[in-house]
file coords_27.pdb (PDB, C-alpha atoms)
MODEL        1
ATOM      1  CA  MET A  11      90.395  96.364  85.597  1.00  0.00           C
ATOM      2  CA  GLU A  12      90.912 100.133  85.956  1.00  0.00           C
ATOM      3  CA  LYS A  13      87.196 100.722  86.303  1.00  0.00           C
ATOM      4  CA  LEU A  14      86.832  97.978  88.925  1.00  0.00           C
ATOM      5  CA  VAL A  15      89.687  99.397  90.997  1.00  0.00           C
ATOM      6  CA  ALA A  16      88.276 102.929  90.715  1.00  0.00           C
ATOM      7  CA  LEU A  17      84.821 101.764  91.823  1.00  0.00           C
ATOM      8  CA  CYS A  18      86.378  99.828  94.680  1.00  0.00           C
ATOM      9  CA  TYR A  19      88.106 102.997  95.901  1.00  0.00           C
ATOM     10  CA  ILE A  20      84.811 104.908  95.724  1.00  0.00           C
ATOM     11  CA  TRP A  21      83.040 102.163  97.681  1.00  0.00           C
ATOM     12  CA  ALA A  22      85.879 101.597 100.167  1.00  0.00           C
ATOM     13  CA  PHE A  23      85.951 105.255 101.157  1.00  0.00           C
ATOM     14  CA  GLY A  24      82.224 105.434 101.717  1.00  0.00           C
ATOM     15  CA  LEU A  25      81.411 107.560  98.696  1.00  0.00           C
ATOM     16  CA  SER A  26      78.961 105.048  97.268  1.00  0.00           C
ATOM     17  CA  ASP A  27      77.272 101.787  98.002  1.00  0.00           C
ATOM     18  CA  LYS A  28      78.546  98.568  96.486  1.00  0.00           C
ATOM     19  CA  ASN A  29      76.154  98.440  93.520  1.00  0.00           C
ATOM     20  CA  ASP A  30      78.389  99.983  90.842  1.00  0.00           C
ATOM     21  CA  TYR A  31      81.389  97.990  92.033  1.00  0.00           C
ATOM     22  CA  VAL A  32      79.448  94.710  92.103  1.00  0.00           C
ATOM     23  CA  SER A  33      77.997  95.327  88.632  1.00  0.00           C
ATOM     24  CA  GLU A  34      81.463  95.885  87.186  1.00  0.00           C
ATOM     25  CA  LEU A  35      82.883  92.887  89.048  1.00  0.00           C
ATOM     26  CA  ASP A  36      80.081  90.655  87.775  1.00  0.00           C
ATOM     27  CA  ARG A  37      80.612  91.891  84.209  1.00  0.00           C
ATOM     28  CA  LEU A  38      84.344  91.201  84.356  1.00  0.00           C
ATOM     29  CA  PHE A  39      83.846  87.804  85.983  1.00  0.00           C
ATOM     30  CA  LEU A  40      81.366  86.725  83.307  1.00  0.00           C
ATOM     31  CA  GLU A  41      83.934  87.688  80.670  1.00  0.00           C
ATOM     32  CA  ASN A  42      86.809  85.988  82.546  1.00  0.00           C
ATOM     33  CA  PRO A  43      85.409  83.166  84.722  1.00  0.00           C
ATOM     34  CA  GLU A  44      88.866  81.565  85.059  1.00  0.00           C
ATOM     35  CA  ASP A  45      90.434  84.659  86.630  1.00  0.00           C
ATOM     36  CA  ASP A  46      91.398  83.750  90.205  1.00  0.00           C
ATOM     37  CA  LEU A  47      91.407  87.339  91.467  1.00  0.00           C
ATOM     38  CA  LEU A  48      87.916  87.987  90.156  1.00  0.00           C
ATOM     39  CA  LEU A  49      86.690  84.729  91.695  1.00  0.00           C
ATOM     40  CA  LYS A  50      88.143  85.691  95.078  1.00  0.00           C
ATOM     41  CA  LEU A  51      86.535  89.120  94.820  1.00  0.00           C
ATOM     42  CA  GLU A  52      83.169  87.544  93.987  1.00  0.00           C
ATOM     43  CA  GLU A  53      83.450  85.416  97.120  1.00  0.00           C
ATOM     44  CA  LEU A  54      84.017  88.484  99.346  1.00  0.00           C
ATOM     45  CA  ASP A  55      80.464  89.752  98.737  1.00  0.00           C
ATOM     46  CA  ASN A  56      79.857  92.733 101.068  1.00  0.00           C
ATOM     47  CA  ASP A  57      83.299  93.075 102.626  1.00  0.00           C
ATOM     48  CA  ARG A  58      84.518  96.381 101.214  1.00  0.00           C
ATOM     49  CA  ALA A  59      87.670  96.454 103.346  1.00  0.00           C
ATOM     50  CA  ALA A  60      88.718  93.039 102.065  1.00  0.00           C
ATOM     51  CA  ALA A  61      87.905  93.998  98.472  1.00  0.00           C
ATOM     52  CA  TRP A  62      89.947  97.175  98.797  1.00  0.00           C
ATOM     53  CA  ALA A  63      92.817  95.258 100.400  1.00  0.00           C
ATOM     54  CA  ARG A  64      92.927  93.008  97.339  1.00  0.00           C
ATOM     55  CA  LEU A  65      92.490  95.767  94.742  1.00  0.00           C
ATOM     56  CA  GLY A  66      93.835  98.997  96.202  1.00  0.00           C
ATOM     57  CA  TRP A  67      97.466  98.072  95.621  1.00  0.00           C
ATOM     58  CA  LEU A  68      96.780  97.546  91.904  1.00  0.00           C
ATOM     59  CA  ALA A  69      96.396 101.280  91.293  1.00  0.00           C
ATOM     60  CA  ASP A  70     100.142 101.683  90.780  1.00  0.00           C
ATOM     61  CA  ARG A  71     100.132  98.960  88.115  1.00  0.00           C
ATOM     62  CA  LEU A  72      97.246 100.272  86.039  1.00  0.00           C
ATOM     63  CA  ASN A  73      97.152 102.700  83.167  1.00  0.00           C
ATOM     64  CA  ILE A  74      96.982 105.963  85.112  1.00  0.00           C
ATOM     65  CA  ASP A  75      94.947 107.756  82.451  1.00  0.00           C
ATOM     66  CA  VAL A  76      92.331 105.009  82.209  1.00  0.00           C
ATOM     67  CA  PHE A  77      92.195 104.656  85.990  1.00  0.00           C
ATOM     68  CA  GLY A  78      91.934 108.429  86.410  1.00  0.00           C
ATOM     69  CA  LYS A  79      89.146 108.689  83.863  1.00  0.00           C
ATOM     70  CA  GLU A  80      87.158 105.991  85.657  1.00  0.00           C
ATOM     71  CA  LEU A  81      87.866 107.362  89.136  1.00  0.00           C
ATOM     72  CA  PHE A  82      86.866 110.921  88.288  1.00  0.00           C
ATOM     73  CA  ALA A  83      83.762 109.770  86.401  1.00  0.00           C
ATOM     74  CA  ALA A  84      82.699 107.859  89.519  1.00  0.00           C
ATOM     75  CA  LEU A  85      83.505 110.819  91.774  1.00  0.00           C
ATOM     76  CA  GLU A  86      81.508 113.116  89.519  1.00  0.00           C
ATOM     77  CA  LYS A  87      78.511 110.800  89.743  1.00  0.00           C
ATOM     78  CA  VAL A  88      78.646 110.982  93.558  1.00  0.00           C
ATOM     79  CA  TYR A  89      79.111 114.759  93.420  1.00  0.00           C
ATOM     80  CA  ARG A  90      76.175 115.289  91.033  1.00  0.00           C
ATOM     81  CA  GLU A  91      73.887 113.116  93.169  1.00  0.00           C
ATOM     82  CA  ASN A  92      74.560 115.384  96.183  1.00  0.00           C
ATOM     83  CA  ARG A  93      74.993 112.412  98.484  1.00  0.00           C
ATOM     84  CA  PHE A  94      77.079 114.476 100.904  1.00  0.00           C
ATOM     85  CA  PRO A  95      77.508 118.090 101.929  1.00  0.00           C
ATOM     86  CA  LEU A  96      80.409 119.546  99.953  1.00  0.00           C
ATOM     87  CA  ALA A  97      82.724 119.640 102.980  1.00  0.00           C
ATOM     88  CA  GLU A  98      82.151 115.937 103.686  1.00  0.00           C
ATOM     89  CA  PHE A  99      82.630 115.074 100.019  1.00  0.00           C
ATOM     90  CA  GLY A 100      85.925 116.952 100.124  1.00  0.00           C
ATOM     91  CA  SER A 101      87.049 115.197 103.266  1.00  0.00           C
ATOM     92  CA  ARG A 102      86.303 111.776 101.803  1.00  0.00           C
ATOM     93  CA  CYS A 103      88.068 112.683  98.554  1.00  0.00           C
ATOM     94  CA  TYR A 104      91.130 113.732 100.508  1.00  0.00           C
ATOM     95  CA  GLU A 105      91.151 110.418 102.405  1.00  0.00           C
ATOM     96  CA  LEU A 106      90.835 108.568  99.095  1.00  0.00           C
ATOM     97  CA  TRP A 107      93.770 110.558  97.685  1.00  0.00           C
ATOM     98  CA  ARG A 108      95.862 109.697 100.751  1.00  0.00           C
ATOM     99  CA  ALA A 109      95.288 106.003 100.038  1.00  0.00           C
ATOM    100  CA  LEU A 110      96.509 106.161  96.443  1.00  0.00           C
ATOM    101  CA  PRO A 111      99.912 104.533  95.941  1.00  0.00           C
ATOM    102  CA  TYR A 112     102.889 106.850  96.314  1.00  0.00           C
ATOM    103  CA  HIS A 113     105.416 104.671  94.643  1.00  0.00           C
ATOM    104  CA  PRO A 114     106.542 105.772  92.116  1.00  0.00           C
ATOM    105  CA  TYR A 115     104.852 109.026  93.195  1.00  0.00           C
ATOM    106  CA  GLN A 116     102.566 108.897  90.231  1.00  0.00           C
ATOM    107  CA  TYR A 117      99.479 110.304  91.946  1.00  0.00           C
ATOM    108  CA  GLU A 118     100.990 112.733  94.410  1.00  0.00           C
ATOM    109  CA  HIS A 119     101.534 115.823  92.269  1.00  0.00           C
ATOM    110  CA  ILE A 120      99.700 115.285  89.004  1.00  0.00           C
ATOM    111  CA  LYS A 121      96.440 116.632  87.705  1.00  0.00           C
ATOM    112  CA  PRO A 122      93.674 115.974  88.407  1.00  0.00           C
ATOM    113  CA  PHE A 123      94.528 113.726  91.370  1.00  0.00           C
ATOM    114  CA  ASP A 124      96.205 116.507  93.337  1.00  0.00           C
ATOM    115  CA  THR A 125      92.980 118.519  93.168  1.00  0.00           C
ATOM    116  CA  LEU A 126      91.550 116.097  95.712  1.00  0.00           C
ATOM    117  CA  THR A 127      93.973 117.525  98.281  1.00  0.00           C
ATOM    118  CA  TYR A 128      92.884 121.149  98.090  1.00  0.00           C
ATOM    119  CA  ALA A 129      89.536 121.553  96.307  1.00  0.00           C
ATOM    120  CA  ASP A 130      87.693 121.896  99.601  1.00  0.00           C
ATOM    121  CA  ASP A 131      90.118 124.484 101.039  1.00  0.00           C
ATOM    122  CA  PRO A 132      88.050 127.487  99.855  1.00  0.00           C
ATOM    123  CA  LEU A 133      85.197 126.243 102.045  1.00  0.00           C
ATOM    124  CA  SER A 134      87.221 127.323 105.075  1.00  0.00           C
ATOM    125  CA  TYR A 135      86.640 130.937 104.091  1.00  0.00           C
ATOM    126  CA  GLY A 136      83.123 130.471 102.763  1.00  0.00           C
ATOM    127  CA  ASP A 137      83.847 130.218  99.040  1.00  0.00           C
ATOM    128  CA  GLU A 138      81.751 127.248  97.973  1.00  0.00           C
ATOM    129  CA  GLY A 139      81.769 128.435  94.363  1.00  0.00           C
ATOM    130  CA  GLN A 140      85.539 128.164  94.077  1.00  0.00           C
ATOM    131  CA  SER A 141      85.479 124.665  95.559  1.00  0.00           C
ATOM    132  CA  ARG A 142      82.829 123.606  93.075  1.00  0.00           C
ATOM    133  CA  ASP A 143      84.850 125.094  90.216  1.00  0.00           C
ATOM    134  CA  LEU A 144      87.917 123.121  91.293  1.00  0.00           C
ATOM    135  CA  TYR A 145      86.001 119.838  91.513  1.00  0.00           C
ATOM    136  CA  GLU A 146      84.275 120.409  88.194  1.00  0.00           C
ATOM    137  CA  ALA A 147      87.607 121.183  86.492  1.00  0.00           C
ATOM    138  CA  ALA A 148      88.970 117.904  87.898  1.00  0.00           C
ATOM    139  CA  PHE A 149      85.934 116.008  86.606  1.00  0.00           C
ATOM    140  CA  ASP A 150      86.388 117.580  83.167  1.00  0.00           C
ATOM    141  CA  TYR A 151      90.089 116.707  82.954  1.00  0.00           C
ATOM    142  CA  TYR A 152      89.586 113.415  81.114  1.00  0.00           C
ATOM    143  CA  LYS A 153      86.595 114.483  79.054  1.00  0.00           C
ATOM    144  CA  GLU A 154      87.109 115.152  75.380  1.00  0.00           C
TER     145      GLU A 154
ENDMDL
END

call {"tool": "encode", "arguments": {"input": "coords_27.pdb", "output": "structure tokens"}}
result
Amino acid sequence: MEKLVALCYIWAFGLSDKNDYVSELDRLFLENPEDDLLLKLEELDNDRAAAWARLGWLADRLNIDVFGKELFAALEKVYRENRFPLAEFGSRCYELWRALPYHPYQYEHIKPFDTLTYADDPLSYGDEGQSRDLYEAAFDYYKE
């Protein structure tokens, strides 16, 4: 479920299209066809706001390390594909971070999630390299 929630966040905040999310949802639904939540999500089809409304709240109930690994792997994929200028990527990452649950403050001040709040700051004084280093360190956090 952690991967599905992570992909939903990526899709909901406009960082990717629905394809990765839908693939993971379909995989989970085929494994668990009796799961009511998965069935409801399948019925939503292209409504990313509705999907996020049903899944976004789950982030505070998931294994934070598994969720983080999936979220940062998905963010890295977007980053590596250069879908957005770095400043826009940073802005979208910050908005995603703002939507993470704050109770019990599990995402607010921990690595690598907090990196999403400041990694684009060096862009304000023209230091793209430092921003890239910060993002890449965040992506590497869960890698072995």

call {"tool": "atom_distance", "arguments": {"input": "coords_27.pdb", "atom1": "CA of Asp130 in chain A", "atom2": "CA of Glu86 in chain A"}}
result
14.7 Å

call {"tool": "residues_around", "arguments": {"input": "coords_27.pdb", "residues": "Phe149 in chain A", "least_positions_apart": "3", "cutoff": "7 Å", "atoms": "only C-alpha atoms", "output": "ChimeraX atom specification"}}
result
/A:82-83,86,145-146

call {"tool": "atom_distance", "arguments": {"input": "coords_27.pdb", "atom1": "CA of Gln140 in chain A", "atom2": "CA of Leu25 in chain A"}}
result
21.5 Å

call {"tool": "residues_around", "arguments": {"input": "coords_27.pdb", "residues": "range 14-16 of chain A", "least_positions_apart": "2", "cutoff": "7 Å", "atoms": "only C-alpha atoms", "output": "list in words"}}
result
Met11, Glu12, Cys18, Tyr19, Ile20, Tyr31, Glu34, Leu35, Leu65, Gly66, Ala69, Phe77, Glu80 and Leu81 of chain A

call {"tool": "resolve_selection", "arguments": {"input": "coords_27.pdb", "expression": "the PyMOL selection byres ((chain A and resi 98-101) around 12)", "output": "ChimeraX atom specification"}}
result
/A:20,23-26,85-97,102-108,125-134,138,141-142,144-145

call {"tool": "closest_residue", "arguments": {"input": "coords_27.pdb", "among": "A:Pro43, A:Pro122, A:Pro111, A:Gly139", "to": "Lys153 in chain A", "atoms": "all atoms listed in the file"}}
result
A:Pro122

call {"tool": "residues_around", "arguments": {"input": "coords_27.pdb", "residues": "Glu53 in chain A", "least_positions_apart": "6", "cutoff": "12 Å", "atoms": "all atoms listed in the file", "output": "list in words"}}
result
Val32, Leu35, Asp36, Phe39, Asp46, Leu47, Ala60 and Ala61 of chain A

call {"tool": "closest_residue", "arguments": {"input": "coords_27.pdb", "among": "A:Asp27, A:Asp70, A:Asp150, A:Asp143", "to": "Arg58 in chain A", "atoms": "only C-alpha atoms"}}
result
A:Asp27

call {"tool": "atom_distance", "arguments": {"input": "coords_27.pdb", "atom1": "CA of Glu52 in chain A", "atom2": "CA of Asn29 in chain A"}}
result
13.0 Å

call {"tool": "closest_residue", "arguments": {"input": "coords_27.pdb", "among": "A:Lys121, A:Gly136, A:Leu110, A:Trp21", "to": "Arg71 in chain A", "atoms": "all atoms listed in the file"}}
result
A:Leu110

call {"tool": "residues_around", "arguments": {"input": "coords_27.pdb", "residues": "Tyr152 in chain A", "least_positions_apart": "5", "cutoff": "8 Å", "atoms": "only C-alpha atoms", "output": "PyMOL selection string"}}
result
chain A and resi 75+78-79
